[in-house]
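Have a look at the structure below before the remarks.
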Amino acid sequence: MNEYTIVAIPTLFESPLIGTLLDELVSTCCSDDVIDEVIVMNNRADRESLAAMYPGVREWSMPGVPFHRMWNHAWAHAKVWSTVTGRQPVNLVLLNDDVRIPHHFVLRLCEALRSRDDCWCAYPDYRLALASDGCCPAQLVPTKGTYKDGGLWGCAFALRGELMNNPLPPFDEQFEIWCGDDDLVKQIELAGKKVCRVEGLALEHVASTTFGQHPELGGKGWADVERFRAKYGAW
């Protein structure tokens, strides 16, 4: 299978973990010959370039661009590769900059994503500590909803890049902070397909650095919840 895999990371460069994350992606995962692009989407204009410190990492300067629009830019980029180059399928892995991942994370996540035709989105088992990674054979388990329901957590997941606009709509950019992952899950469920957790594949999400330094964003998050309720009737 001639897959193309893109890892995209929106960041304000405020997480002390982003260097460790890029080290893992570039030095370990790329040795699997599974990652074709690592893209950092820089939301700040006043930061030193990470691409200069990590050869092979692409950096998109996107100052002030809302979070879910950055996701859409990455998804559209994946769709272009799918359409123009003929390299299909295309795996899009979206990561927060404040996560810790185990070895060969991208390879294992994308293999799980493509292991069943009705899985359109796969995510790691964020309940599993890195020390317990691989303690049992990876198992793909369909889930419902998002983190609050025990389902998808938008800090790390893989998506079928070729599906943008056919049949999945882009991420709904009316959501500023929260609910982008809720909307994605809802759209996949409406299409009759699955979002699945890869049990046995660990992930550690340390903290929301952005929310810790910008507590005022919480109000925008709850406004997103009201927008989601207006769109779907419940959250």
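Convention: chains lettered A, B, ... in structure tokens order; per-chain residue numbering from 1; ligands numbered from 1 as shown.
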Polymer residues at most 12 Å from A:Asp125, only C-alpha atoms, same-chain spacing of 5 or more positions, as a VMD selection string: chain A and resid 101 to 102 105 109 130 132 to 136 138 to 141 143 147 150 to 153 155 to 157 196 to 205
10 Å contact set for A:Asp117, only C-alpha atoms, chain neighbours under 3 positions out, as a list in words: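 Counting only the stated atoms, we get Leu113, Arg114, Trp120, Lys193 and Lys194 of chain A.
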Kindly export the residues of the current selection with N, CA and C atoms, as a JSON list (two decimals), in the first residue's frame.
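Full text of selection12.json as output:
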```
[["chain", "number", "residue", "atom", "x", "y", "z"],
["A", 113, "LEU", "N", -5.29, 2.44, 12.10],
["A", 113, "LEU", "CA", -6.29, 3.19, 11.34],
["A", 113, "LEU", "C", -6.71, 2.45, 10.07],
["A", 114, "ARG", "N", -5.75, 1.83, 9.41],
["A", 114, "ARG", "CA", -6.01, 1.19, 8.12],
["A", 114, "ARG", "C", -6.35, -0.30, 8.25],
["A", 120, "TRP", "N", -12.47, 5.32, 10.46],
["A", 120, "TRP", "CA", -12.07, 6.55, 9.78],
["A", 120, "TRP", "C", -11.20, 7.43, 10.64],
["A", 193, "LYS", "N", -19.71, 5.26, 10.09],
["A", 193, "LYS", "CA", -18.37, 4.70, 10.27],
["A", 193, "LYS", "C", -17.93, 4.81, 11.73],
["A", 194, "LYS", "N", -16.66, 4.44, 12.00],
["A", 194, "LYS", "CA", -16.22, 4.29, 13.37],
["A", 194, "LYS", "C", -15.03, 5.18, 13.73]]
```
Residue contacts of A:Lys186 (10 Å, only C-alpha atoms) excluding same-chain residues fewer than 3 positions away, as a PyMOL selection string: chain A and resi 144-146+180-183+189-192+195+232
Keeping C-alpha atoms, export the residues of the selection given above as a PDB file, in the first residue's frame.
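selection01.pdb, freshly written:
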```pdb
ATOM      1  CA  LYS A 144     -18.611   6.698  21.097  1.00  0.00           C
ATOM      2  CA  GLY A 145     -18.240  10.401  21.694  1.00  0.00           C
ATOM      3  CA  THR A 146     -15.169  12.212  22.968  1.00  0.00           C
ATOM      4  CA  GLY A 180     -13.781  20.341  17.006  1.00  0.00           C
ATOM      5  CA  ASP A 181     -13.192  16.720  17.966  1.00  0.00           C
ATOM      6  CA  ASP A 182     -16.835  16.357  19.060  1.00  0.00           C
ATOM      7  CA  ASP A 183     -17.936  17.583  15.645  1.00  0.00           C
ATOM      8  CA  GLU A 189     -20.997   8.541  13.202  1.00  0.00           C
ATOM      9  CA  LEU A 190     -23.542  10.164  10.862  1.00  0.00           C
ATOM     10  CA  ALA A 191     -21.657   8.567   7.953  1.00  0.00           C
ATOM     11  CA  GLY A 192     -22.096   5.170   9.607  1.00  0.00           C
ATOM     12  CA  VAL A 195     -13.843   6.165  15.643  1.00  0.00           C
ATOM     13  CA  TYR A 232     -26.750  18.941  17.224  1.00  0.00           C
TER      14      TYR A 232
END
```
Nearby residues (only C-alpha atoms) at most 8 Å from A:His68, same-chain spacing under 2 positions excluded, as a ChimeraX atom specification: /A:66,70-72,171-173,175-177,180
Deliver the residues from the most recent selection as a file, using N, CA and C atoms, as a tab-separated table (two decimals), in the first residue's frame.
```tsv
chain	number	residue	atom	x	y	z
A	66	PRO	N	-6.95	30.53	13.99
A	66	PRO	CA	-7.65	29.71	14.99
A	66	PRO	C	-7.25	28.24	14.89
A	70	MET	N	-6.24	25.68	11.65
A	70	MET	CA	-4.94	25.04	11.44
A	70	MET	C	-5.12	23.56	11.13
A	71	TRP	N	-6.01	22.89	11.85
A	71	TRP	CA	-6.32	21.50	11.53
A	71	TRP	C	-6.78	21.37	10.08
A	72	ASN	N	-7.64	22.29	9.66
A	72	ASN	CA	-8.15	22.22	8.29
A	72	ASN	C	-7.05	22.45	7.26
A	171	PHE	N	-13.24	20.39	9.43
A	171	PHE	CA	-13.55	20.76	10.81
A	171	PHE	C	-14.35	22.05	10.81
A	172	ASP	N	-15.37	22.10	11.64
A	172	ASP	CA	-16.25	23.26	11.69
A	172	ASP	C	-15.53	24.39	12.43
A	173	GLU	N	-15.20	25.45	11.70
A	173	GLU	CA	-14.39	26.52	12.27
A	173	GLU	C	-15.18	27.51	13.12
A	175	PHE	N	-16.20	26.58	15.88
A	175	PHE	CA	-15.70	26.22	17.20
A	175	PHE	C	-14.29	26.77	17.36
A	176	GLU	N	-14.11	27.62	18.36
A	176	GLU	CA	-12.83	28.32	18.52
A	176	GLU	C	-11.82	27.54	19.33
A	177	ILE	N	-12.26	26.87	20.38
A	177	ILE	CA	-11.35	26.21	21.31
A	177	ILE	C	-11.69	24.73	21.46
A	180	GLY	N	-14.18	20.77	18.34
A	180	GLY	CA	-13.78	20.34	17.01
A	180	GLY	C	-13.72	18.83	16.90
```
Separation of atom CA of A:Val106 from atom CA of A:Pro124, in Å and rounded to one decimal: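 Pair atom CA of A:Val106 / atom CA of A:Pro124 returns 10.0 Å.
Between atom CA of A:Met164 and atom CA of A:Leu21 lies a distance of 26.6 Å.
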Residue list (strand (DSSP E), DSSP) for chain A, as a ChimeraX atom specification: /A:4-11,37-42,57-61,90-95,99-100,119-125,139-143,156-160,194-202,204-205
Restrict the selected residues to C-alpha atoms and save them as a JSON list (two decimals), in the first residue's frame.
```
[["chain", "number", "residue", "atom", "x", "y", "z"],
["A", 4, "TYR", "CA", 1.62, 8.98, 2.55],
["A", 5, "THR", "CA", 1.76, 10.06, 6.20],
["A", 6, "ILE", "CA", 1.73, 13.62, 7.52],
["A", 7, "VAL", "CA", 2.16, 14.59, 11.18],
["A", 8, "ALA", "CA", 0.91, 18.11, 11.96],
["A", 9, "ILE", "CA", 1.32, 19.95, 15.28],
["A", 10, "PRO", "CA", -0.39, 23.28, 16.05],
["A", 11, "THR", "CA", 1.68, 25.18, 18.60],
["A", 37, "GLU", "CA", 6.22, 15.09, 6.54],
["A", 38, "VAL", "CA", 6.38, 16.60, 10.03],
["A", 39, "ILE", "CA", 4.73, 20.02, 10.04],
["A", 40, "VAL", "CA", 4.74, 22.53, 12.90],
["A", 41, "MET", "CA", 1.96, 25.11, 12.57],
["A", 42, "ASN", "CA", 3.28, 28.16, 14.45],
["A", 57, "VAL", "CA", 10.60, 19.57, 10.00],
["A", 58, "ARG", "CA", 8.47, 21.96, 7.97],
["A", 59, "GLU", "CA", 7.19, 25.08, 9.69],
["A", 60, "TRP", "CA", 4.09, 26.98, 8.66],
["A", 61, "SER", "CA", 3.87, 30.52, 10.01],
["A", 90, "VAL", "CA", -3.05, 9.59, 3.09],
["A", 91, "ASN", "CA", -2.75, 9.41, 6.86],
["A", 92, "LEU", "CA", -3.04, 12.69, 8.78],
["A", 93, "VAL", "CA", -1.82, 12.52, 12.37],
["A", 94, "LEU", "CA", -2.75, 15.57, 14.45],
["A", 95, "LEU", "CA", -0.89, 16.05, 17.73],
["A", 99, "VAL", "CA", 2.01, 15.06, 24.66],
["A", 100, "ARG", "CA", 4.55, 12.30, 25.20],
["A", 119, "CYS", "CA", -12.42, 2.95, 10.93],
["A", 120, "TRP", "CA", -12.07, 6.55, 9.78],
["A", 121, "CYS", "CA", -10.30, 7.91, 12.85],
["A", 122, "ALA", "CA", -8.03, 6.18, 15.37],
["A", 123, "TYR", "CA", -6.52, 7.42, 18.60],
["A", 124, "PRO", "CA", -4.17, 6.04, 21.28],
["A", 125, "ASP", "CA", -5.13, 4.79, 24.70],
["A", 139, "GLN", "CA", -6.61, -3.97, 19.79],
["A", 140, "LEU", "CA", -8.84, -1.61, 17.84],
["A", 141, "VAL", "CA", -11.98, -0.84, 19.86],
["A", 142, "PRO", "CA", -14.83, 1.32, 18.47],
["A", 143, "THR", "CA", -15.88, 4.08, 20.88],
["A", 156, "ALA", "CA", -3.71, 13.01, 19.41],
["A", 157, "PHE", "CA", -5.45, 11.12, 16.61],
["A", 158, "ALA", "CA", -5.06, 9.85, 13.05],
["A", 159, "LEU", "CA", -7.54, 10.61, 10.30],
["A", 160, "ARG", "CA", -7.98, 9.38, 6.74],
["A", 194, "LYS", "CA", -16.22, 4.29, 13.37],
["A", 195, "VAL", "CA", -13.84, 6.16, 15.64],
["A", 196, "CYS", "CA", -11.59, 3.63, 17.38],
["A", 197, "ARG", "CA", -9.22, 3.54, 20.32],
["A", 198, "VAL", "CA", -5.96, 1.61, 19.85],
["A", 199, "GLU", "CA", -5.72, -0.20, 23.15],
["A", 200, "GLY", "CA", -2.14, -1.09, 24.00],
["A", 201, "LEU", "CA", -0.77, 2.09, 22.37],
["A", 202, "ALA", "CA", 0.04, 4.54, 25.15],
["A", 204, "GLU", "CA", 0.65, 10.84, 27.97],
["A", 205, "HIS", "CA", -0.95, 14.26, 27.83]]
```
Å distance separating atom CA of A:Tyr54 from atom CA of A:Val34, one decimal place: 17.7 Å
Secondary structure check, alpha helix (DSSP H) residues of stretch 71-164 of chain A, as a PyMOL selection string: chain A and resi 71-80+105-113
A:Thr83 environment, 12 Å, only C-alpha atoms, sequence neighbours closer than 3 positions dropped, as a VMD selection string: chain A and resid 4 76 to 80 86 to 90 161 to 164 166
For the selection you just gave me, I'd like the residues written to a file as a PDB file, in the first residue's frame, keeping N, CA and C atoms.
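Final output, saved to part-v8.pdb:
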```pdb
ATOM      1  N   TYR A   4       0.879   7.756   2.274  1.00  0.00           N
ATOM      2  CA  TYR A   4       1.619   8.980   2.554  1.00  0.00           C
ATOM      3  C   TYR A   4       1.165   9.441   3.936  1.00  0.00           C
ATOM      4  N   ALA A  76      -6.360  19.784   4.454  1.00  0.00           N
ATOM      5  CA  ALA A  76      -6.397  20.148   3.034  1.00  0.00           C
ATOM      6  C   ALA A  76      -5.077  19.798   2.358  1.00  0.00           C
ATOM      7  N   HIS A  77      -3.974  19.990   3.066  1.00  0.00           N
ATOM      8  CA  HIS A  77      -2.658  19.625   2.527  1.00  0.00           C
ATOM      9  C   HIS A  77      -2.595  18.122   2.257  1.00  0.00           C
ATOM     10  N   ALA A  78      -3.128  17.343   3.178  1.00  0.00           N
ATOM     11  CA  ALA A  78      -3.165  15.893   2.984  1.00  0.00           C
ATOM     12  C   ALA A  78      -4.039  15.527   1.793  1.00  0.00           C
ATOM     13  N   LYS A  79      -5.162  16.199   1.658  1.00  0.00           N
ATOM     14  CA  LYS A  79      -6.071  15.926   0.543  1.00  0.00           C
ATOM     15  C   LYS A  79      -5.399  16.233  -0.795  1.00  0.00           C
ATOM     16  N   VAL A  80      -4.634  17.327  -0.855  1.00  0.00           N
ATOM     17  CA  VAL A  80      -3.921  17.677  -2.088  1.00  0.00           C
ATOM     18  C   VAL A  80      -2.955  16.560  -2.478  1.00  0.00           C
ATOM     19  N   GLY A  86      -1.425  11.082  -6.390  1.00  0.00           N
ATOM     20  CA  GLY A  86      -1.931   9.733  -6.568  1.00  0.00           C
ATOM     21  C   GLY A  86      -1.481   8.781  -5.485  1.00  0.00           C
ATOM     22  N   ARG A  87      -0.779   9.300  -4.467  1.00  0.00           N
ATOM     23  CA  ARG A  87      -0.358   8.449  -3.345  1.00  0.00           C
ATOM     24  C   ARG A  87      -1.516   8.346  -2.367  1.00  0.00           C
ATOM     25  N   GLN A  88      -2.211   7.261  -2.456  1.00  0.00           N
ATOM     26  CA  GLN A  88      -3.344   7.049  -1.573  1.00  0.00           C
ATOM     27  C   GLN A  88      -3.172   5.707  -0.884  1.00  0.00           C
ATOM     28  N   PRO A  89      -3.685   5.560   0.317  1.00  0.00           N
ATOM     29  CA  PRO A  89      -4.338   6.589   1.118  1.00  0.00           C
ATOM     30  C   PRO A  89      -3.338   7.540   1.781  1.00  0.00           C
ATOM     31  N   VAL A  90      -3.866   8.611   2.376  1.00  0.00           N
ATOM     32  CA  VAL A  90      -3.047   9.586   3.089  1.00  0.00           C
ATOM     33  C   VAL A  90      -3.457   9.587   4.561  1.00  0.00           C
ATOM     34  N   GLY A 161      -6.843  11.095   5.483  1.00  0.00           N
ATOM     35  CA  GLY A 161      -6.718  12.393   4.836  1.00  0.00           C
ATOM     36  C   GLY A 161      -7.491  12.519   3.542  1.00  0.00           C
ATOM     37  N   GLU A 162      -7.681  11.425   2.832  1.00  0.00           N
ATOM     38  CA  GLU A 162      -8.352  11.473   1.531  1.00  0.00           C
ATOM     39  C   GLU A 162      -9.855  11.721   1.642  1.00  0.00           C
ATOM     40  N   LEU A 163     -10.398  11.717   2.870  1.00  0.00           N
ATOM     41  CA  LEU A 163     -11.844  11.828   3.038  1.00  0.00           C
ATOM     42  C   LEU A 163     -12.350  13.271   3.106  1.00  0.00           C
ATOM     43  N   MET A 164     -11.448  14.262   3.168  1.00  0.00           N
ATOM     44  CA  MET A 164     -11.892  15.645   3.318  1.00  0.00           C
ATOM     45  C   MET A 164     -12.768  16.062   2.140  1.00  0.00           C
ATOM     46  N   ASN A 166     -15.116  14.668   0.898  1.00  0.00           N
ATOM     47  CA  ASN A 166     -15.704  13.532   0.179  1.00  0.00           C
ATOM     48  C   ASN A 166     -15.395  12.241   0.932  1.00  0.00           C
TER      49      ASN A 166
END
```
Closest of A:Asp36, A:Glu3, A:Asn96, A:Gly64 to A:Ile18 - atom-to-atom distances counting only C-alpha atoms: A:Asn96
Residue among A:Ala129, A:Arg47, A:Asp98, A:Gln187 lying closest to A:Pro16, counting only C-alpha atoms: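 Ranking A:Ala129, A:Arg47, A:Asp98, A:Gln187 by distance to A:Pro16, first place goes to A:Asp98.
Taking only C-alpha atoms into account, A:Pro170 lies nearest to A:Ala74 out of the set A:Ala223, A:Val26, A:Ala74, A:Val84.
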